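Trainee: After the structure tokens below, expect a handful of questions from me.
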Amino acid sequence: MLLVVEHFWTWYRRNWRATAVSSVLQPLLFLLAFGVGFGSLVAGTGSAAAATGGVDYIVWLAPALLAVSTVQSAAFESTYPVLSGFKWQRTYFAMTAGPISPAQVALGHLLWVACKMAGAGAIYIGVIAVFGGVAGPGIVVSLLVAVLTGAAVAAMVTAFSATVENEGAAFNALFRFVVIPMTLFSGTFFPVDRLPGWVQPVALISPLWHGTELARSAALGAVSQPLAALGHLAYLSALLVLGVALATRLFARRLAQ
Amino acid sequence: MSGLAASVLFVADGLVQARGLRKRFGDFEAVRGVDVDVARGEVFGFLGPNGAGKSSTMRMIACVSPRSEGALQVLGMDPDVDGPRIRARIGVVPQLDNLDTELTVRQNLQIYGRYFGLSRAHVRAKATELLEFAQLTERADDPVEPLSGGMKRRLTIARALVNEPELLLLDEPTTGLDPQARHLLWERLYRLKREGVTQIITTHYMDEAEQLCDRLVVMDGGVIVAEGSPAELIERYSTREVLELRFDPALRPAPDALARLAERVEELPDRLLLYTADGEHTHAEVARAGFVPLSALVRRSSLEDVFLRLTGRTLVD
């Protein structure tokens, strides 16, 4: 499994510039647009203060942005690169021609994505700190939560990608109907309870909502409801376990027919 | 007596043994009961048209495709039980290249060696040696993407040798290559054979099978239709020579009209093939009988003729 990670690392050392730019630049744009731009608009308004519990909007937003960027890159890293391993470059077939098993390829891929998310997240925290969005050391816990959330999403998406046979048209639907709505309605930019009542249950199934709630309470040092925190943790862990089980099984099915 | 002794020895030293091997994909049965024995040191071929079941058989031997039925032993082990252990000791050249095109030639060899758990120092030394073997030393630090088809194929073969395999599986190693690249590749495979590497090759090229294989089986429709050395098969299923005649379509005689002049006549869309021991003699007889072909060619029988005889079809490229 670590040898599979070594493969991705070898690739990354050659190609890190392109991915580093996209994995830092995109969250930076989010931070500028919402944290700085939108944040200055809502600064001092009573409704914003009520929603954030009195802290600056950017401080309230920062851990959620961490979770959102992690989930987005998790989804991206687990779609086209996985399909390429099966279909275009077929590198997964090369890996499993030797002693490595299909399940180890799936786990190696997920471990690699998790490492990459952790690295990108750590850099992102530094950027947020420059803009004054870091309230305290609790943000480190937020990062761990973000990586867990990202890993859960990556596992599910990887399992899905292992079933895609066409040129990846299904990924457009995945991004349009799952990833983007999840980004918008998981309590990143405003609390979910500001949404109409009938939308709120949808947030409950969104891993990003669970991740955001956890990451935010860790960053603000305000775990007011330990039971809720445990619930979030349990949901994300269960999703991760399910995703890993599905991914390893589907990899085996596709690589060893 | 000696035949019996040889066969006992043969079984004892078999690298691959299959009995009644079958592979089903849903309702479709790709391999329908195949018996195969491959001895250490030999080059064994699976010959047949596309869809004959060659690649499916190969994938079962490579332990990446579980068999549906039958018995199979590779390196004395059962793929269902010891798949990873067998895969650690074989080399695989797949039908489609699966090189990492964004890495360099050298990195491809090194990282592949690492998959087998070999140390970094070992794969570094091994890569240098294999680059030499594949005549890619000058391209060692170039990315794979812009390499020619022949170079990529040589790299794939070099990569399959990184773990010093006892058994090398090559699935259509030269399909899509130009003649020059094919000859270079054959020369490398022949060198491996001299070094004692057992090879199993699938191909739908007759000349490739004749060049490389000590022994081969002809597959068609998921079953083995003949088995032997190229020379044996030609002797058994064909004549020494073939006279190929092309006629003006309007003046083309019925095959039956020529039947008495040759042992056997095959009719192809563009020509008639007359199977005979002496092509020139038959050519003269055809002329004496009053037939006037546009062109006539005498050649030695090849595996192509064996295949035509066995299946009634030519191989489709």
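Numbering starts fresh at 1 for the residues of each chain in the structure tokens, the chains themselves are lettered A, B, ... in the order given, and ligands are numbered from 1 as they appear.
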Please build the interface table for chain A against chain B with a cut-off of 7 Å, listing for each qualifying residue the nearest atom pair and the distance in Å to one decimal; count only C-alpha atoms, order rows by chain and increasing number, and write it as CSV.
Mentor:
```
residue,atom,partner,partner_atom,distance
A:Leu3,CA,B:Tyr115,CA,5.9
A:His7,CA,B:Ile111,CA,6.3
A:Trp11,CA,B:Leu103,CA,6.5
A:Gln89,CA,B:Asn98,CA,5.6
A:Arg90,CA,B:Asn98,CA,5.0
A:Thr91,CA,B:Asn98,CA,5.4
A:Ala94,CA,B:Asn98,CA,6.0
A:Met95,CA,B:Tyr115,CA,6.8
A:Ala97,CA,B:Arg87,CA,6.4
A:Gly98,CA,B:Arg87,CA,4.9
A:Pro99,CA,B:Pro84,CA,4.2
A:Ile100,CA,B:Pro84,CA,6.8
A:Ala256,CA,B:Ser65,CA,4.9
A:Gln257,CA,B:Ser65,CA,5.1
```
Trainee: Would you pick out the contacts of region 189-196 of chain A at 10 Å or less, using only C-alpha atoms, so that residues sharing its chain but fewer than 6 positions from it are not included, and give the list as a PyMOL selection string?
Mentor: chain A and resi 34-35+38-39+48+51-52+57-58+60-62+64-65+183+202-204+209+213
Trainee: What does the file look like for those residues with C-alpha atoms, as a PDB file, in the first residue's frame?
Mentor:
```pdb
ATOM      1  CA  PHE A  34     -16.208  35.425   0.967  1.00  0.00           C
ATOM      2  CA  GLY A  35     -13.913  35.934   3.933  1.00  0.00           C
ATOM      3  CA  PHE A  38     -18.446  39.329   1.696  1.00  0.00           C
ATOM      4  CA  GLY A  39     -17.164  39.428   5.296  1.00  0.00           C
ATOM      5  CA  ALA A  48     -24.274  38.128  11.069  1.00  0.00           C
ATOM      6  CA  ALA A  51     -25.165  33.643  13.353  1.00  0.00           C
ATOM      7  CA  THR A  52     -21.452  33.605  14.154  1.00  0.00           C
ATOM      8  CA  TYR A  57     -17.082  36.472   9.997  1.00  0.00           C
ATOM      9  CA  ILE A  58     -13.687  35.426   8.611  1.00  0.00           C
ATOM     10  CA  TRP A  60     -16.196  31.864  11.706  1.00  0.00           C
ATOM     11  CA  LEU A  61     -15.745  31.035   8.018  1.00  0.00           C
ATOM     12  CA  ALA A  62     -12.112  29.852   8.081  1.00  0.00           C
ATOM     13  CA  ALA A  64     -15.515  25.762   7.087  1.00  0.00           C
ATOM     14  CA  LEU A  65     -13.458  26.880   4.093  1.00  0.00           C
ATOM     15  CA  THR A 183     -20.630  23.205  -1.112  1.00  0.00           C
ATOM     16  CA  VAL A 202     -30.784  17.509   3.171  1.00  0.00           C
ATOM     17  CA  ALA A 203     -27.875  19.030   5.060  1.00  0.00           C
ATOM     18  CA  LEU A 204     -28.075  16.138   7.530  1.00  0.00           C
ATOM     19  CA  TRP A 209     -22.197  19.674   6.918  1.00  0.00           C
ATOM     20  CA  GLU A 213     -19.950  21.739  12.223  1.00  0.00           C
TER      21      GLU A 213
END
```
Trainee: Tell me, in Å to one decimal, how far CA of Ser73 (chain A) is from CA of Ala222 (chain A).
Mentor: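 One can read the CA of Ser73 (chain A) to CA of Ala222 (chain A) distance as 27.3 Å.
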Trainee: Excluding Gly243 (chain A) and residues on its chain fewer than 2 positions from it, collect all residues at most 8 Å away from it, counting only C-alpha atoms, and give them as a PyMOL selection string.
Mentor: chain A and resi 152-159+239-241+245-247
Trainee: Quick one: pull the distance between CA of Glu42 (chain B) and CA of Val123 (chain B), Å, one decimal.
Mentor: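 Interatomic distance, CA of Glu42 (chain B) to CA of Val123 (chain B): 27.2 Å.
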Trainee: Can you tell me, as a ChimeraX atom specification, what residues are no more than 12 Å from Glu304 (chain B) when counting only C-alpha atoms, ignoring any on the same chain fewer than 6 positions away?
Mentor: /B:47-49,204-210,218,230,233-234,237-238,242,273,310-317
Trainee: Tell me which protein, DNA and RNA residues are within 12 Å of Gly14 (chain B), counting only C-alpha atoms, leaving out same-chain ones fewer than 5 positions away, and put them as a PDB file with C-alpha atoms, in the first residue's frame.
Mentor:
```pdb
ATOM      1  CA  ALA B   6      10.251 -37.484 -21.399  1.00  0.00           C
ATOM      2  CA  SER B   7       6.603 -36.916 -20.574  1.00  0.00           C
ATOM      3  CA  VAL B   8       7.146 -37.719 -16.885  1.00  0.00           C
ATOM      4  CA  LEU B   9      10.045 -35.305 -16.752  1.00  0.00           C
ATOM      5  CA  VAL B  36      -1.966 -26.702 -21.472  1.00  0.00           C
ATOM      6  CA  ASP B  37       1.483 -27.713 -20.224  1.00  0.00           C
ATOM      7  CA  VAL B  38       4.403 -25.336 -20.429  1.00  0.00           C
ATOM      8  CA  ALA B  39       7.853 -26.659 -19.531  1.00  0.00           C
ATOM      9  CA  ARG B  40      10.693 -24.650 -18.038  1.00  0.00           C
ATOM     10  CA  GLY B  41      12.841 -22.905 -20.648  1.00  0.00           C
ATOM     11  CA  GLU B  42      10.494 -23.211 -23.590  1.00  0.00           C
ATOM     12  CA  PHE B  44       5.081 -21.459 -25.815  1.00  0.00           C
ATOM     13  CA  LEU B  72      -4.680 -24.563 -12.989  1.00  0.00           C
ATOM     14  CA  GLN B  73      -1.195 -24.573 -11.521  1.00  0.00           C
ATOM     15  CA  VAL B  74       1.374 -21.853 -12.142  1.00  0.00           C
ATOM     16  CA  LEU B  75       4.905 -22.333 -10.748  1.00  0.00           C
ATOM     17  CA  GLY B  76       3.447 -25.271  -8.848  1.00  0.00           C
ATOM     18  CA  MET B  77       0.886 -23.114  -7.023  1.00  0.00           C
ATOM     19  CA  GLU B 166      10.890 -17.248 -14.052  1.00  0.00           C
ATOM     20  CA  LEU B 167       8.011 -16.938 -16.466  1.00  0.00           C
ATOM     21  CA  THR B 198      10.343 -19.340 -20.088  1.00  0.00           C
TER      22      THR B 198
END
```
Trainee: Would you mind listing what lies within 10 Å of Gly221 (chain B) as a PyMOL selection string, with only C-alpha atoms counted and same-chain residues fewer than 3 positions away left out?
Mentor: chain B and resi 29-32+48-54+224-225+311
Trainee: Residues as selected, N, CA and C atoms, written as an mmCIF file, in the first residue's frame, can you do that?
Mentor:
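Written file, part_21.cif:
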```cif
data_model
loop_
_atom_site.group_PDB
_atom_site.id
_atom_site.type_symbol
_atom_site.label_atom_id
_atom_site.label_comp_id
_atom_site.auth_asym_id
_atom_site.auth_seq_id
_atom_site.Cartn_x
_atom_site.Cartn_y
_atom_site.Cartn_z
ATOM 1 N N GLU B 29 -19.015 -17.685 -22.887
ATOM 2 C CA GLU B 29 -17.892 -18.501 -22.449
ATOM 3 C C GLU B 29 -16.703 -18.254 -23.374
ATOM 4 N N ALA B 30 -15.686 -17.563 -22.855
ATOM 5 C CA ALA B 30 -14.543 -17.158 -23.685
ATOM 6 C C ALA B 30 -13.552 -18.303 -23.841
ATOM 7 N N VAL B 31 -13.393 -19.101 -22.783
ATOM 8 C CA VAL B 31 -12.468 -20.239 -22.820
ATOM 9 C C VAL B 31 -13.279 -21.470 -22.440
ATOM 10 N N ARG B 32 -13.252 -22.486 -23.301
ATOM 11 C CA ARG B 32 -14.185 -23.597 -23.118
ATOM 12 C C ARG B 32 -13.464 -24.930 -22.970
ATOM 13 N N GLY B 48 -4.121 -17.564 -32.597
ATOM 14 C CA GLY B 48 -5.535 -17.584 -32.954
ATOM 15 C C GLY B 48 -6.015 -16.201 -33.293
ATOM 16 N N PRO B 49 -7.200 -16.130 -33.922
ATOM 17 C CA PRO B 49 -7.730 -14.815 -34.309
ATOM 18 C C PRO B 49 -8.221 -14.051 -33.075
ATOM 19 N N ASN B 50 -8.570 -12.790 -33.266
ATOM 20 C CA ASN B 50 -9.151 -12.019 -32.172
ATOM 21 C C ASN B 50 -10.399 -12.730 -31.665
ATOM 22 N N GLY B 51 -10.548 -12.787 -30.343
ATOM 23 C CA GLY B 51 -11.735 -13.408 -29.779
ATOM 24 C C GLY B 51 -11.637 -14.918 -29.632
ATOM 25 N N ALA B 52 -10.439 -15.484 -29.857
ATOM 26 C CA ALA B 52 -10.292 -16.940 -29.757
ATOM 27 C C ALA B 52 -10.204 -17.410 -28.312
ATOM 28 N N GLY B 53 -9.963 -16.469 -27.383
ATOM 29 C CA GLY B 53 -9.826 -16.855 -25.982
ATOM 30 C C GLY B 53 -8.386 -16.842 -25.502
ATOM 31 N N LYS B 54 -7.467 -16.354 -26.334
ATOM 32 C CA LYS B 54 -6.039 -16.332 -25.964
ATOM 33 C C LYS B 54 -5.795 -15.436 -24.750
ATOM 34 N N ILE B 224 -8.787 -25.411 -27.998
ATOM 35 C CA ILE B 224 -7.546 -25.682 -28.720
ATOM 36 C C ILE B 224 -7.859 -26.618 -29.876
ATOM 37 N N VAL B 225 -7.491 -26.212 -31.086
ATOM 38 C CA VAL B 225 -7.794 -27.059 -32.244
ATOM 39 C C VAL B 225 -6.579 -27.828 -32.733
ATOM 40 N N THR B 311 -9.494 -24.152 -39.483
ATOM 41 C CA THR B 311 -10.671 -23.338 -39.170
ATOM 42 C C THR B 311 -11.462 -22.919 -40.400
#
```
Trainee: Could you give me, as number ranges by chain, the residues within 8 Å of Gly150 (chain A), counting only C-alpha atoms and dropping anything in the same chain fewer than 2 positions from it?
Mentor: A: 67, 70-75, 114, 117, 146-148, 152-154
